[in-house]
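Content type compact mmCIF, C-alpha atoms, from the file run08.txt:
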```
# COMPACT_ATOMS: atom_id res chain seq x y z
CA MET U 27 -29.40 3.21 9.58
CA LEU U 28 -28.70 0.20 11.66
CA GLY U 29 -25.46 -1.58 11.15
CA PRO U 30 -24.80 -5.10 12.26
CA GLY U 31 -24.07 -5.09 15.93
CA LEU U 32 -25.90 -1.97 16.89
CA ALA U 33 -26.08 -2.69 20.56
CA TRP U 34 -22.89 -2.93 22.55
CA ALA U 35 -22.98 -4.26 26.05
CA GLY U 36 -20.69 -2.75 28.63
CA PRO U 37 -18.41 0.21 28.60
CA LEU U 38 -18.35 0.54 24.82
CA ASP U 39 -22.08 0.94 24.33
CA GLU U 40 -21.91 2.62 20.92
CA SER U 41 -25.64 3.23 20.90
CA ALA U 42 -25.85 4.87 24.27
CA GLU U 43 -28.00 7.63 22.82
CA PHE U 44 -30.81 5.19 23.47
CA GLU U 45 -30.18 5.47 27.19
CA GLY U 46 -32.85 7.07 29.21
CA GLY U 47 -35.61 5.48 27.13
CA SER U 48 -38.80 6.63 28.68
CA GLU U 49 -41.61 4.75 30.30
CA ALA U 50 -44.45 4.11 27.92
CA THR U 51 -47.18 6.65 28.02
CA SER U 52 -50.30 5.03 29.35
CA ILE U 53 -52.80 6.80 27.13
CA GLY U 54 -54.01 5.68 23.71
CA LEU U 55 -51.26 4.37 21.48
CA GLY U 56 -48.60 4.57 24.16
CA TRP U 57 -48.03 0.78 23.95
CA LEU U 58 -46.74 1.36 20.43
CA PHE U 59 -43.78 3.28 21.80
CA GLU U 60 -42.86 1.05 24.73
CA GLY U 61 -39.16 0.57 25.21
CA ALA U 62 -36.49 3.00 24.05
CA ASN U 63 -37.24 5.05 20.96
CA ARG U 64 -35.20 7.41 18.81
CA VAL U 65 -36.03 9.61 15.85
CA ASP U 66 -33.39 11.13 13.56
CA VAL U 67 -34.22 13.77 10.96
CA GLU U 68 -31.51 14.94 8.57
CA GLY U 69 -31.19 17.34 5.67
CA GLU U 70 -28.07 17.38 3.48
CA ALA U 71 -27.03 19.48 0.51
CA LEU U 72 -24.23 19.15 -2.07
CA LEU U 73 -24.02 22.37 -4.06
CA GLY U 74 -21.76 22.54 -7.10
CA GLY U 75 -23.07 25.45 -9.15
CA ASP U 76 -24.52 23.50 -12.08
CA ILE U 77 -25.29 20.47 -9.89
CA THR U 78 -27.48 20.48 -6.77
CA VAL U 79 -28.22 17.42 -4.67
CA LEU U 80 -30.58 17.67 -1.67
CA ARG U 81 -31.39 14.75 0.59
CA THR U 82 -33.85 14.42 3.46
CA THR U 83 -33.81 11.38 5.71
CA VAL U 84 -36.12 10.34 8.54
CA ALA U 85 -35.17 7.36 10.68
CA TYR U 86 -36.93 5.71 13.61
CA GLU U 87 -35.58 3.04 15.95
CA GLN U 88 -37.21 1.20 18.79
CA ARG U 89 -35.49 -1.13 21.22
CA ARG U 90 -37.70 -3.49 23.20
CA GLY U 91 -35.88 -6.04 25.27
CA GLU U 92 -33.59 -8.03 23.01
CA ILE U 93 -35.11 -6.74 19.78
CA THR U 94 -34.32 -3.51 17.94
CA LEU U 95 -36.40 -2.46 14.97
CA GLY U 96 -35.50 0.42 12.67
CA ALA U 97 -37.10 2.10 9.68
CA THR U 98 -35.46 4.71 7.46
CA PHE U 99 -36.99 6.74 4.65
CA GLY U 100 -35.03 9.01 2.36
CA TYR U 101 -35.85 11.40 -0.44
CA THR U 102 -33.19 12.88 -2.73
CA ASP U 103 -33.70 15.68 -5.22
CA ILE U 104 -31.11 16.02 -8.02
CA ASP U 105 -30.98 19.09 -10.24
CA ILE U 106 -28.42 19.45 -13.05
CA ASP U 107 -27.68 22.04 -15.71
CA TYR U 108 -26.66 19.60 -18.41
CA SER U 109 -23.95 21.09 -20.61
CA PRO U 110 -22.36 18.83 -23.21
CA ARG U 111 -19.10 19.41 -25.02
CA THR U 112 -20.38 18.02 -28.31
CA VAL U 113 -23.35 16.36 -30.04
CA THR U 114 -26.13 17.04 -27.53
CA PHE U 115 -27.65 20.29 -26.24
CA PRO U 116 -27.75 22.13 -22.89
CA ALA U 117 -30.74 21.23 -20.73
CA ASP U 118 -32.08 21.58 -17.21
CA ARG U 119 -33.07 18.27 -15.69
CA ARG U 120 -34.47 17.40 -12.31
CA GLU U 121 -34.88 13.89 -10.91
CA SER U 122 -35.53 12.31 -7.54
CA ASN U 123 -34.82 9.17 -5.58
CA ARG U 124 -36.95 7.55 -2.90
CA GLN U 125 -35.43 5.02 -0.54
CA ALA U 126 -36.70 2.89 2.33
CA GLN U 127 -34.97 0.48 4.66
CA ILE U 128 -36.07 -1.80 7.48
CA ASP U 129 -33.54 -3.10 10.02
CA LEU U 130 -34.01 -5.78 12.64
CA SER U 131 -31.57 -6.95 15.27
CA TRP U 132 -31.84 -9.58 17.97
CA LYS U 133 -29.50 -10.03 20.89
CA ALA U 134 -29.50 -13.81 20.84
CA THR U 135 -27.15 -14.18 23.81
CA PRO U 136 -25.39 -11.59 25.99
CA ALA U 137 -22.40 -11.84 23.62
CA ILE U 138 -24.01 -12.40 20.21
CA GLU U 139 -26.32 -10.19 18.21
CA LEU U 140 -27.88 -11.08 14.86
CA THR U 141 -29.00 -8.45 12.37
CA GLY U 142 -30.91 -8.29 9.11
CA LEU U 143 -32.05 -5.58 6.76
CA VAL U 144 -34.03 -5.05 3.60
CA ARG U 145 -33.71 -1.96 1.45
CA GLY U 146 -35.35 -0.69 -1.71
CA TYR U 147 -35.14 2.45 -3.82
CA GLU U 148 -36.63 3.96 -6.89
CA GLY U 149 -35.17 6.76 -8.95
CA PHE U 150 -31.74 8.06 -9.89
CA PRO U 151 -29.22 7.27 -7.15
CA ASP U 152 -26.72 10.03 -8.01
CA TYR U 153 -26.21 13.12 -10.16
CA ARG U 154 -23.89 11.31 -12.54
CA SER U 155 -26.57 8.83 -13.57
CA VAL U 156 -28.91 11.76 -14.31
CA TRP U 157 -26.27 13.37 -16.53
CA ILE U 158 -25.61 10.16 -18.45
CA ALA U 159 -29.32 9.44 -18.87
CA GLU U 160 -29.82 12.92 -20.34
CA TYR U 161 -27.00 12.30 -22.80
CA TYR U 162 -28.49 9.04 -24.11
CA GLU U 163 -32.01 10.42 -24.15
CA GLN U 164 -31.00 13.35 -26.34
CA LEU U 165 -28.93 11.14 -28.61
CA PHE U 166 -31.29 8.18 -29.06
CA GLY U 167 -34.60 9.18 -27.50
CA PHE U 168 -36.28 9.48 -30.90
CA VAL U 169 -35.04 6.07 -32.17
CA PRO U 170 -37.56 3.18 -32.05
CA GLY U 171 -36.58 0.71 -29.36
CA TYR U 172 -35.13 3.27 -26.96
CA ARG U 173 -36.32 3.03 -23.35
CA ASP U 174 -36.17 5.89 -20.89
CA ALA U 175 -33.97 5.22 -17.88
CA ASP U 176 -35.91 3.99 -14.86
CA PRO U 177 -33.38 3.10 -12.14
CA ALA U 178 -34.46 1.09 -9.11
CA GLY U 179 -32.99 -1.50 -6.81
CA TRP U 180 -33.29 -3.63 -3.72
CA ALA U 181 -30.91 -5.30 -1.30
CA LEU U 182 -30.88 -7.77 1.56
CA GLY U 183 -28.30 -7.96 4.30
CA ALA U 184 -27.53 -10.15 7.31
CA GLY U 185 -24.88 -9.99 9.97
CA ALA U 186 -23.67 -11.20 13.33
CA ALA U 187 -21.77 -9.38 16.05
CA TRP U 188 -19.76 -11.17 18.71
CA ASP U 189 -18.51 -9.53 21.89
CA LEU U 190 -15.29 -11.49 22.08
CA VAL U 191 -14.17 -9.65 25.23
CA PRO U 192 -17.20 -7.77 26.55
CA GLY U 193 -16.51 -4.09 26.79
CA THR U 194 -13.21 -4.33 24.96
CA THR U 195 -13.39 -6.35 21.75
CA ARG U 196 -16.22 -6.83 19.28
CA ILE U 197 -16.20 -8.49 15.87
CA ASN U 198 -18.90 -8.11 13.22
CA PHE U 199 -19.48 -10.19 10.11
CA ASN U 200 -21.98 -9.33 7.42
CA LEU U 201 -23.13 -10.36 3.97
CA GLY U 202 -25.35 -8.67 1.42
CA TYR U 203 -26.99 -9.23 -1.92
CA GLY U 204 -28.67 -6.67 -4.14
CA GLU U 205 -29.94 -6.01 -7.64
CA ASP U 206 -30.01 -2.66 -9.43
CA GLU U 207 -31.74 -1.56 -12.59
CA ILE U 208 -29.26 0.98 -13.92
CA VAL U 209 -29.08 3.73 -16.51
CA GLU U 210 -28.00 1.61 -19.42
CA GLY U 211 -25.67 2.67 -22.18
CA TRP U 212 -26.90 2.75 -25.80
CA SER U 213 -25.16 2.46 -29.16
CA PHE U 214 -26.29 2.52 -32.75
CA GLY U 215 -24.67 0.18 -35.26
CA ILE U 216 -25.38 -2.08 -38.19
CA GLY U 217 -27.93 -4.00 -36.17
CA GLY U 218 -29.75 -0.85 -35.13
CA LEU U 219 -30.07 0.47 -31.58
CA THR U 220 -28.68 -1.78 -28.88
CA SER U 221 -28.38 -1.29 -25.15
CA GLY U 222 -25.80 -2.37 -22.64
CA ARG U 223 -26.49 -4.29 -19.46
CA GLN U 224 -29.65 -3.15 -17.72
CA ARG U 225 -29.31 -4.98 -14.42
CA LEU U 226 -26.40 -5.37 -12.03
CA GLU U 227 -26.21 -7.99 -9.29
CA THR U 228 -24.03 -7.29 -6.29
CA THR U 229 -22.73 -9.66 -3.64
CA SER U 230 -20.83 -8.16 -0.75
CA GLY U 231 -19.45 -8.99 2.65
CA GLY U 232 -17.12 -7.82 5.31
CA ALA U 233 -15.74 -8.06 8.80
CA THR U 234 -15.24 -5.27 11.34
CA TRP U 235 -13.11 -5.41 14.45
CA LEU U 236 -13.82 -2.89 17.19
CA GLN U 237 -11.13 -2.73 19.86
CA VAL U 238 -10.53 -0.62 22.96
CA ILE U 239 -6.78 -0.07 23.17
CA ARG U 240 -6.59 2.12 26.26
CA GLY U 241 -9.15 3.89 28.39
CA TRP U 242 -8.80 6.88 26.11
CA LEU U 243 -8.21 5.18 22.75
CA LYS U 244 -10.20 2.84 20.55
CA MET U 245 -10.01 1.54 17.03
CA GLU U 246 -12.27 0.07 14.40
CA THR U 247 -10.77 -1.82 11.47
CA SER U 248 -12.79 -3.28 8.62
CA ILE U 249 -12.20 -5.29 5.47
CA ARG U 250 -14.90 -5.56 2.83
CA PHE U 251 -15.38 -7.07 -0.56
CA GLN U 252 -17.92 -6.42 -3.29
CA GLU U 253 -18.59 -8.34 -6.47
CA ILE U 254 -20.65 -6.73 -9.22
CA THR U 255 -21.81 -8.36 -12.45
CA ASP U 256 -19.10 -8.52 -15.12
CA ARG U 257 -16.50 -6.91 -12.89
CA GLU U 258 -13.59 -8.11 -10.84
CA SER U 259 -13.96 -8.22 -7.05
CA ARG U 260 -13.40 -4.96 -5.22
CA PHE U 261 -11.65 -5.01 -1.83
CA GLN U 262 -11.43 -2.31 0.80
CA GLY U 263 -9.55 -1.95 4.06
CA GLN U 264 -10.24 0.86 6.48
CA THR U 265 -9.20 1.93 9.98
CA ASN U 266 -10.76 4.48 12.33
CA LEU U 267 -9.13 5.70 15.51
CA ALA U 268 -10.79 7.71 18.27
CA ALA U 269 -8.62 9.28 20.98
CA ALA U 270 -9.60 11.39 23.97
CA LEU U 271 -6.85 14.01 24.19
CA GLY U 272 -8.09 15.58 27.40
CA PRO U 273 -11.30 16.18 29.32
CA ASP U 274 -12.80 18.20 26.45
CA TRP U 275 -10.81 17.27 23.32
CA THR U 276 -11.34 14.27 21.05
CA LEU U 277 -9.37 13.33 17.94
CA ARG U 278 -10.67 11.12 15.14
CA VAL U 279 -8.45 9.74 12.38
CA ASN U 280 -9.54 7.64 9.43
CA ALA U 281 -7.56 5.97 6.62
CA GLY U 282 -8.52 3.45 3.96
CA ALA U 283 -7.79 1.99 0.56
CA THR U 284 -9.86 0.29 -2.13
CA ARG U 285 -8.66 -1.87 -5.00
CA GLU U 286 -10.28 -3.49 -8.01
CA ARG U 287 -8.36 -5.30 -10.71
CA PRO U 288 -7.04 -4.57 -13.19
CA SER U 289 -6.37 -0.93 -12.42
CA PHE U 290 -8.69 0.84 -9.97
CA GLU U 291 -7.19 2.08 -6.71
CA ALA U 292 -8.48 4.61 -4.20
CA HIS U 293 -6.90 5.97 -1.01
CA PHE U 294 -8.38 8.28 1.57
CA VAL U 295 -7.54 9.84 4.94
CA GLY U 296 -9.47 12.10 7.29
CA VAL U 297 -8.97 13.93 10.58
CA MET U 298 -11.50 15.51 12.92
CA VAL U 299 -10.97 17.40 16.18
CA ASP U 300 -13.90 17.86 18.55
CA TYR U 301 -13.91 20.31 21.46
CA GLU U 302 -16.61 20.50 24.12
CA PHE U 303 -16.54 24.18 25.04
CA LEU U 304 -19.57 24.11 27.35
CA PRO U 305 -21.43 21.14 28.84
CA GLY U 306 -23.26 19.58 25.86
CA TRP U 307 -21.90 22.07 23.34
CA HIS U 308 -19.29 20.87 20.85
CA VAL U 309 -17.45 22.47 17.99
CA ALA U 310 -15.59 20.26 15.51
CA VAL U 311 -13.32 20.87 12.53
CA ASN U 312 -12.55 18.22 9.97
CA SER U 313 -10.40 17.67 6.91
CA ARG U 314 -10.49 14.81 4.39
CA TYR U 315 -8.45 13.87 1.35
CA TYR U 316 -9.35 11.33 -1.35
CA GLU U 317 -7.70 10.16 -4.54
CA ASP U 318 -8.38 7.42 -7.04
CA SER U 319 -6.90 6.18 -10.27
CA GLY U 320 -10.04 6.56 -12.33
CA GLU U 321 -12.74 4.04 -13.11
CA ILE U 322 -11.94 1.08 -15.28
CA GLU U 323 -12.86 1.85 -18.86
CA SER U 324 -14.40 -0.60 -21.21
CA TYR U 325 -13.17 -0.52 -24.78
CA GLY U 326 -14.11 2.37 -27.05
CA PHE U 327 -16.70 4.91 -25.95
CA SER U 328 -16.86 5.20 -22.17
CA THR U 329 -18.77 7.01 -19.44
CA ALA U 330 -16.12 6.13 -16.85
CA ALA U 331 -14.72 8.86 -14.63
CA PRO U 332 -11.03 9.75 -14.93
CA GLY U 333 -8.71 9.85 -11.93
CA LEU U 334 -9.85 12.11 -9.09
CA GLN U 335 -8.25 14.07 -6.26
CA ALA U 336 -10.62 15.65 -3.76
CA TYR U 337 -10.41 17.34 -0.39
CA GLU U 338 -12.93 18.70 2.09
CA LEU U 339 -12.57 21.23 4.90
CA GLY U 340 -15.49 21.67 7.25
CA ALA U 341 -16.73 22.64 10.68
CA SER U 342 -19.78 21.75 12.73
CA ILE U 343 -21.44 22.74 15.93
CA LEU U 344 -23.29 20.16 18.01
CA TYR U 345 -25.60 20.46 20.96
CA ASP U 346 -25.99 17.07 22.63
CA LYS U 347 -27.59 16.81 26.01
CA ASP U 348 -29.86 14.21 27.54
CA ASP U 349 -32.32 12.98 24.92
CA PHE U 350 -31.86 15.72 22.36
CA ALA U 351 -29.09 16.49 19.88
CA VAL U 352 -28.79 18.86 16.94
CA ARG U 353 -25.83 19.37 14.60
CA LEU U 354 -25.17 22.00 11.94
CA TYR U 355 -22.35 21.34 9.48
CA GLY U 356 -20.81 23.38 6.67
CA GLY U 357 -17.87 22.51 4.47
CA PHE U 358 -15.94 23.39 1.34
CA TYR U 359 -15.28 20.54 -1.06
CA ASN U 360 -12.95 20.60 -4.07
CA THR U 361 -12.81 17.96 -6.82
CA ASP U 362 -10.01 17.84 -9.37
CA PHE U 363 -10.28 15.32 -12.21
CA GLU U 364 -7.43 14.19 -14.42
CA PRO U 365 -7.65 15.08 -18.12
CA LEU U 366 -10.15 13.11 -20.16
CA THR U 367 -9.27 10.93 -23.11
CA SER U 368 -10.91 10.59 -26.49
CA THR U 369 -13.09 7.76 -25.10
CA ASN U 370 -14.85 9.82 -22.44
CA ASN U 371 -14.43 13.37 -23.69
CA PHE U 372 -18.19 13.49 -24.33
CA PHE U 373 -18.59 13.86 -20.56
CA GLY U 374 -16.00 16.57 -20.13
CA ASN U 375 -18.40 18.87 -18.32
CA LEU U 376 -19.63 16.11 -16.03
CA TYR U 377 -16.04 15.34 -15.05
CA ARG U 378 -14.74 18.88 -14.84
CA ASP U 379 -13.10 20.33 -11.72
CA ARG U 380 -15.58 21.87 -9.29
CA ASP U 381 -15.78 23.74 -6.02
CA TRP U 382 -18.70 22.48 -3.94
CA TRP U 383 -20.37 23.52 -0.72
CA VAL U 384 -21.58 20.82 1.62
CA THR U 385 -24.14 21.49 4.36
CA ARG U 386 -26.00 19.27 6.78
CA ILE U 387 -28.45 19.74 9.60
CA ALA U 388 -29.53 16.83 11.77
CA VAL U 389 -31.75 16.46 14.80
CA SER U 390 -32.04 13.41 17.07
CA TYR U 391 -34.58 12.86 19.83
CA SER U 392 -34.88 9.89 22.18
CA PHE U 393 -38.00 9.12 24.21
CA MET S 28 -0.30 8.49 0.21
CA LYS S 29 -0.26 4.73 -0.29
CA LYS S 30 2.53 4.37 2.29
CA LEU S 31 0.55 6.41 4.79
CA VAL S 32 -2.47 4.15 4.43
CA PHE S 33 -0.41 0.98 4.80
CA ALA S 34 1.44 2.41 7.81
CA GLY S 35 -1.93 3.18 9.41
CA ALA S 36 -3.13 -0.37 8.75
CA ALA S 37 0.02 -1.87 10.29
CA LEU S 38 -0.32 0.36 13.33
CA ALA S 39 -3.94 -0.64 13.68
CA LEU S 40 -2.96 -4.30 13.89
CA LEU S 41 -0.21 -3.76 16.45
CA LEU S 42 -1.83 -1.27 18.82
CA PRO S 43 -4.58 -3.39 20.38
CA SER S 44 -2.24 -6.05 21.68
CA CYS S 45 -2.73 -5.26 25.35
CA ALA S 46 -6.01 -3.57 26.13
CA ARG S 47 -6.79 -2.78 29.76
CA VAL S 48 -9.92 -0.82 30.42
CA ALA S 49 -11.30 0.25 33.77
CA LEU S 50 -14.94 0.93 34.52
CA SER S 51 -13.96 4.51 35.21
CA ASP S 52 -13.05 4.85 31.52
CA GLN S 53 -16.69 4.44 30.47
CA ALA S 54 -17.44 8.13 30.42
CA VAL S 55 -14.56 8.84 28.07
CA LEU S 56 -15.19 5.86 25.78
CA ASN S 57 -18.86 6.77 25.49
CA ARG S 58 -18.28 10.36 24.39
CA THR S 59 -20.27 11.24 21.30
CA ALA S 60 -17.14 11.92 19.27
CA MET S 61 -15.64 8.55 20.30
CA LYS S 62 -18.47 6.49 18.76
CA PHE S 63 -17.87 4.93 15.37
CA ASP S 64 -21.51 4.06 14.73
CA ALA S 65 -23.13 7.27 15.93
CA LYS S 66 -26.30 8.18 14.06
CA GLY S 67 -28.36 11.22 13.25
CA ALA S 68 -27.08 14.43 14.79
CA ARG S 69 -24.38 12.57 16.69
CA GLN S 70 -22.54 11.47 13.58
CA SER S 71 -20.55 14.09 11.73
CA ASP S 72 -20.17 12.93 8.10
CA CYS S 73 -22.13 14.16 5.10
CA SER S 74 -22.84 11.11 2.97
CA LEU S 75 -23.51 13.02 -0.26
CA VAL S 76 -19.79 13.26 -1.14
CA ASN S 77 -19.97 9.52 -1.81
CA GLN S 78 -21.70 10.48 -5.06
CA VAL S 79 -18.33 11.78 -6.24
CA GLU S 80 -15.84 9.53 -4.44
CA LYS S 81 -16.70 6.14 -5.88
CA GLY S 82 -13.87 4.33 -4.14
CA ARG S 83 -14.81 5.42 -0.64
CA ALA S 84 -18.16 3.86 0.13
CA LEU S 85 -18.35 0.10 -0.10
CA SER S 86 -21.72 -0.70 1.37
CA ASN S 87 -22.45 -4.26 2.30
CA THR S 88 -25.84 -4.17 0.70
CA SER S 89 -26.06 -1.72 -2.15
CA ALA S 90 -24.65 -2.19 -5.60
CA GLY S 91 -22.34 0.32 -7.11
CA GLY S 92 -24.98 0.60 -9.79
CA GLY S 93 -26.88 3.51 -11.07
CA CYS S 94 -25.02 4.40 -14.22
CA ALA S 95 -23.84 2.83 -17.41
CA SER S 96 -20.20 3.19 -16.45
CA CYS S 97 -20.60 0.50 -13.85
CA GLN S 98 -20.45 -2.16 -16.54
```
Encoded form using structure tokens:
Amino acid sequence: MLGPGLAWAGPLDESAEFEGGSEATSIGLGWLFEGANRVDVEGEALLGGDITVLRTTVAYEQRRGEITLGATFGYTDIDIDYSPRTVTFPADRRESNRQAQIDLSWKATPAIELTGLVRGYEGFPDYRSVWIAEYYEQLFGFVPGYRDADPAGWALGAGAAWDLVPGTTRINFNLGYGEDEIVEGWSFGIGGLTSGRQRLETTSGGATWLQVIRGWLKMETSIRFQEITDRESRFQGQTNLAAALGPDWTLRVNAGATRERPSFEAHFVGVMVDYEFLPGWHVAVNSRYYEDSGEIESYGFSTAAPGLQAYELGASILYDKDDFAVRLYGGFYNTDFEPLTSTNNFFGNLYRDRDWWVTRIAVSYSF
Amino acid sequence: MKKLVFAGAALALLLPSCARVALSDQAVLNRTAMKFDAKGARQSDCSLVNQVEKGRALSNTSAGGGCASCQ
């Protein structure tokens, strides 16, 4: 997907995979593909035994002069073996999510680029929402007034990128607004069946600073905020470093932290080493660690996740030459949740420790 | 862990103070693995782990919505 400031003039051209954009074919619909074009096709899998998430994404970008247009379509299949600790019954459930996004960017001046995007989706955005929907459906599905979950959402975004020192320093600013129809919570009391909030509104923004430090070292630092209905603001700071350690070795390091009052904190670090063992052929190994303090619980019954520690170890092989690139990735991923309390023990099997396998295959072609 | 993250942030602010880049550095700076906004096959992350790690992804456009616990 396009981020604000896709195009980078000068030595730091982050989107150089566009280079070598072909001449338009002169037959039939060739005019449609004038300029530089790129197609990305990706398939990802998150396999956790009783939870399977598969995602396919197709993205297309075209750059014509000062304008870059992108379109991304995604389809996610979520399959869970629902297994409650109490009250409800085991069940197999399968849901999907369909997502589309359009990006547009315009290089207004040699140093300034403006971007915009619109995104929409329909369906369950993650496996946890499927699990929680199944719980409420079994518990209250037969009660008059209950509505089946029907998640959907849309978002708009705008940004500007400024090449403060062309080839060395770039700063991005962006803002976004979105609305999501969520899987609502239900409760039964004296007044009968009542539901929690059905819609969330999100306002977000951020700034990113991309800086070349030496001819072999560069850094990207970002700060972001996000405000969601009925919640305190969430802030995040993150830094990425990329260092060329030799003619064939590259090191990537990432660290970040997120905070939301009154009590949510998350920290994460990651390292990747890439080695080009033949011209165009790369092998990379990566390791990541993540921890958080657990989601903020509302009073009483809660679907909130407890504290989490997770790590991932993976390796990939990449062939990247001229206009074509293909990557195959495989990784082991472990999640370790803190013990549940009486308020969220109903979801003990959703928030149990798991060993996952993560795989990804992606192909990119420029023409 | 927290100290490590803050040390990284401090380092990130101090390091770029004197950047000098020659044209001959282009090839190195444009390596696939050196690009922060690489896409498709050229980027190396699997985004599905964000379904578990709710404090990692903070998109500028999408809500953290999707489930009742986001209230």
Q.
I need the residue nearest Lys66 of chain S from this list: U:Val352, U:Ala184, U:Leu226, U:Val384. Use all atoms listed in the file for the distance.
A.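 That would be U:Val352, the residue with the smallest distance to Lys66 of chain S.
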Q: Between atom CA of Val279 of chain U and atom CA of Lys62 of chain S, measure the distance and give it in Å to one decimal.
A: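 Value for the atom CA of Val279 of chain U-atom CA of Lys62 of chain S distance: 12.3 Å.
Take atom CA of Val191 of chain U and atom CA of Thr135 of chain U: the distance between them is 13.8 Å.
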**Q.** Distance of atom CA of Arg90 of chain U from atom CA of Leu182 of chain U, expressed in Å to one decimal place
**A.**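 Between atom CA of Leu182 of chain U and atom CA of Arg90 of chain U the gap works out to 23.1 Å.
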Q: Dump as a list in words all residues having an atom at most 8 Å from (-20.2, 19.0, 11.4), computed in the file's coordinates with only C-alpha atoms.
A: Val309, Ala310, Val311, Asn312, Gly340, Ala341, Ser342, Ile343, Leu344, Arg353, Leu354, Tyr355, Gly356 and Arg386 of chain U; Ser71 and Asp72 of chain S
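Closest approach to chain S among U:Ala134, U:Val209, U:Leu271, U:Val156 is made by U:Val209 (distances from only C-alpha atoms).
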Q.
Just checking: using all atoms listed in the file, which residue out of S:Ala68, S:Leu85, S:Leu75, S:Val55 ends up closest to Leu80 of chain U?
A. S:Leu75
List every protein, DNA or RNA residue that has an atom no more than 7 Å from (-22.0, 6.1, 3.7) in the file's coordinate frame, counting all atoms listed in the file, and report them as a PDB file with C-alpha atoms, keeping the file's coordinate frame.
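Final output, out_33.pdb:
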```
ATOM      1  CA  SER S  74     -22.840  11.110   2.970  1.00  0.00           C
ATOM      2  CA  ASN S  77     -19.970   9.520  -1.810  1.00  0.00           C
ATOM      3  CA  ALA S  84     -18.160   3.860   0.130  1.00  0.00           C
TER       4      ALA S  84
END
```
Q | Nearest residue to Ile387 of chain U from the set S:Arg69, S:Ser51, S:Lys81, S:Val76 (distances using only C-alpha atoms) | A |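 Selected residue with least distance to Ile387 of chain U: S:Arg69.
In this comparison, which uses only C-alpha atoms, the residue of U:Glu68, U:Glu364, U:Glu121, U:Glu87 approaching chain S most closely is U:Glu68.
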Q: List the neighbours of Ala60 of chain S out to 9 Å using all atoms listed in the file; skip same-chain residues closer than 3 positions along the sequence, and give me the result as a list of chain:residue names.
A: U:Ala268, U:Ala270, U:Thr276, U:Leu277, U:Arg278, U:Val299, U:Asp300, S:Asn57, S:Phe63, S:Ala65, S:Arg69, S:Gln70, S:Ser71
Q) Can you list, as a VMD selection string, every protein, DNA or RNA residue that comes within 12 Å of Val113 of chain U when you count all atoms listed in the file, leaving out same-chain residues fewer than 2 positions away? A) chain U and resid 109 to 111 115 to 116 161 to 162 164 to 166 371 to 373
Export C-alpha atoms of the chosen residues as a compact mmCIF listing (two decimals), keeping the file's coordinate frame?
```
# COMPACT_ATOMS: atom_id res chain seq x y z
CA SER U 109 -23.95 21.09 -20.61
CA PRO U 110 -22.36 18.83 -23.21
CA ARG U 111 -19.10 19.41 -25.02
CA PHE U 115 -27.65 20.29 -26.24
CA PRO U 116 -27.75 22.13 -22.89
CA TYR U 161 -27.00 12.30 -22.80
CA TYR U 162 -28.49 9.04 -24.11
CA GLN U 164 -31.00 13.35 -26.34
CA LEU U 165 -28.93 11.14 -28.61
CA PHE U 166 -31.29 8.18 -29.06
CA ASN U 371 -14.43 13.37 -23.69
CA PHE U 372 -18.19 13.49 -24.33
CA PHE U 373 -18.59 13.86 -20.56
```
**Q.** Ala85 of chain U surroundings by all atoms listed in the file, 10 Å radius, close-in-sequence under 5 positions cut, as a ChimeraX atom specification
**A.** /U:27-28,64-68,96-100,126-128,390 /S:66-67
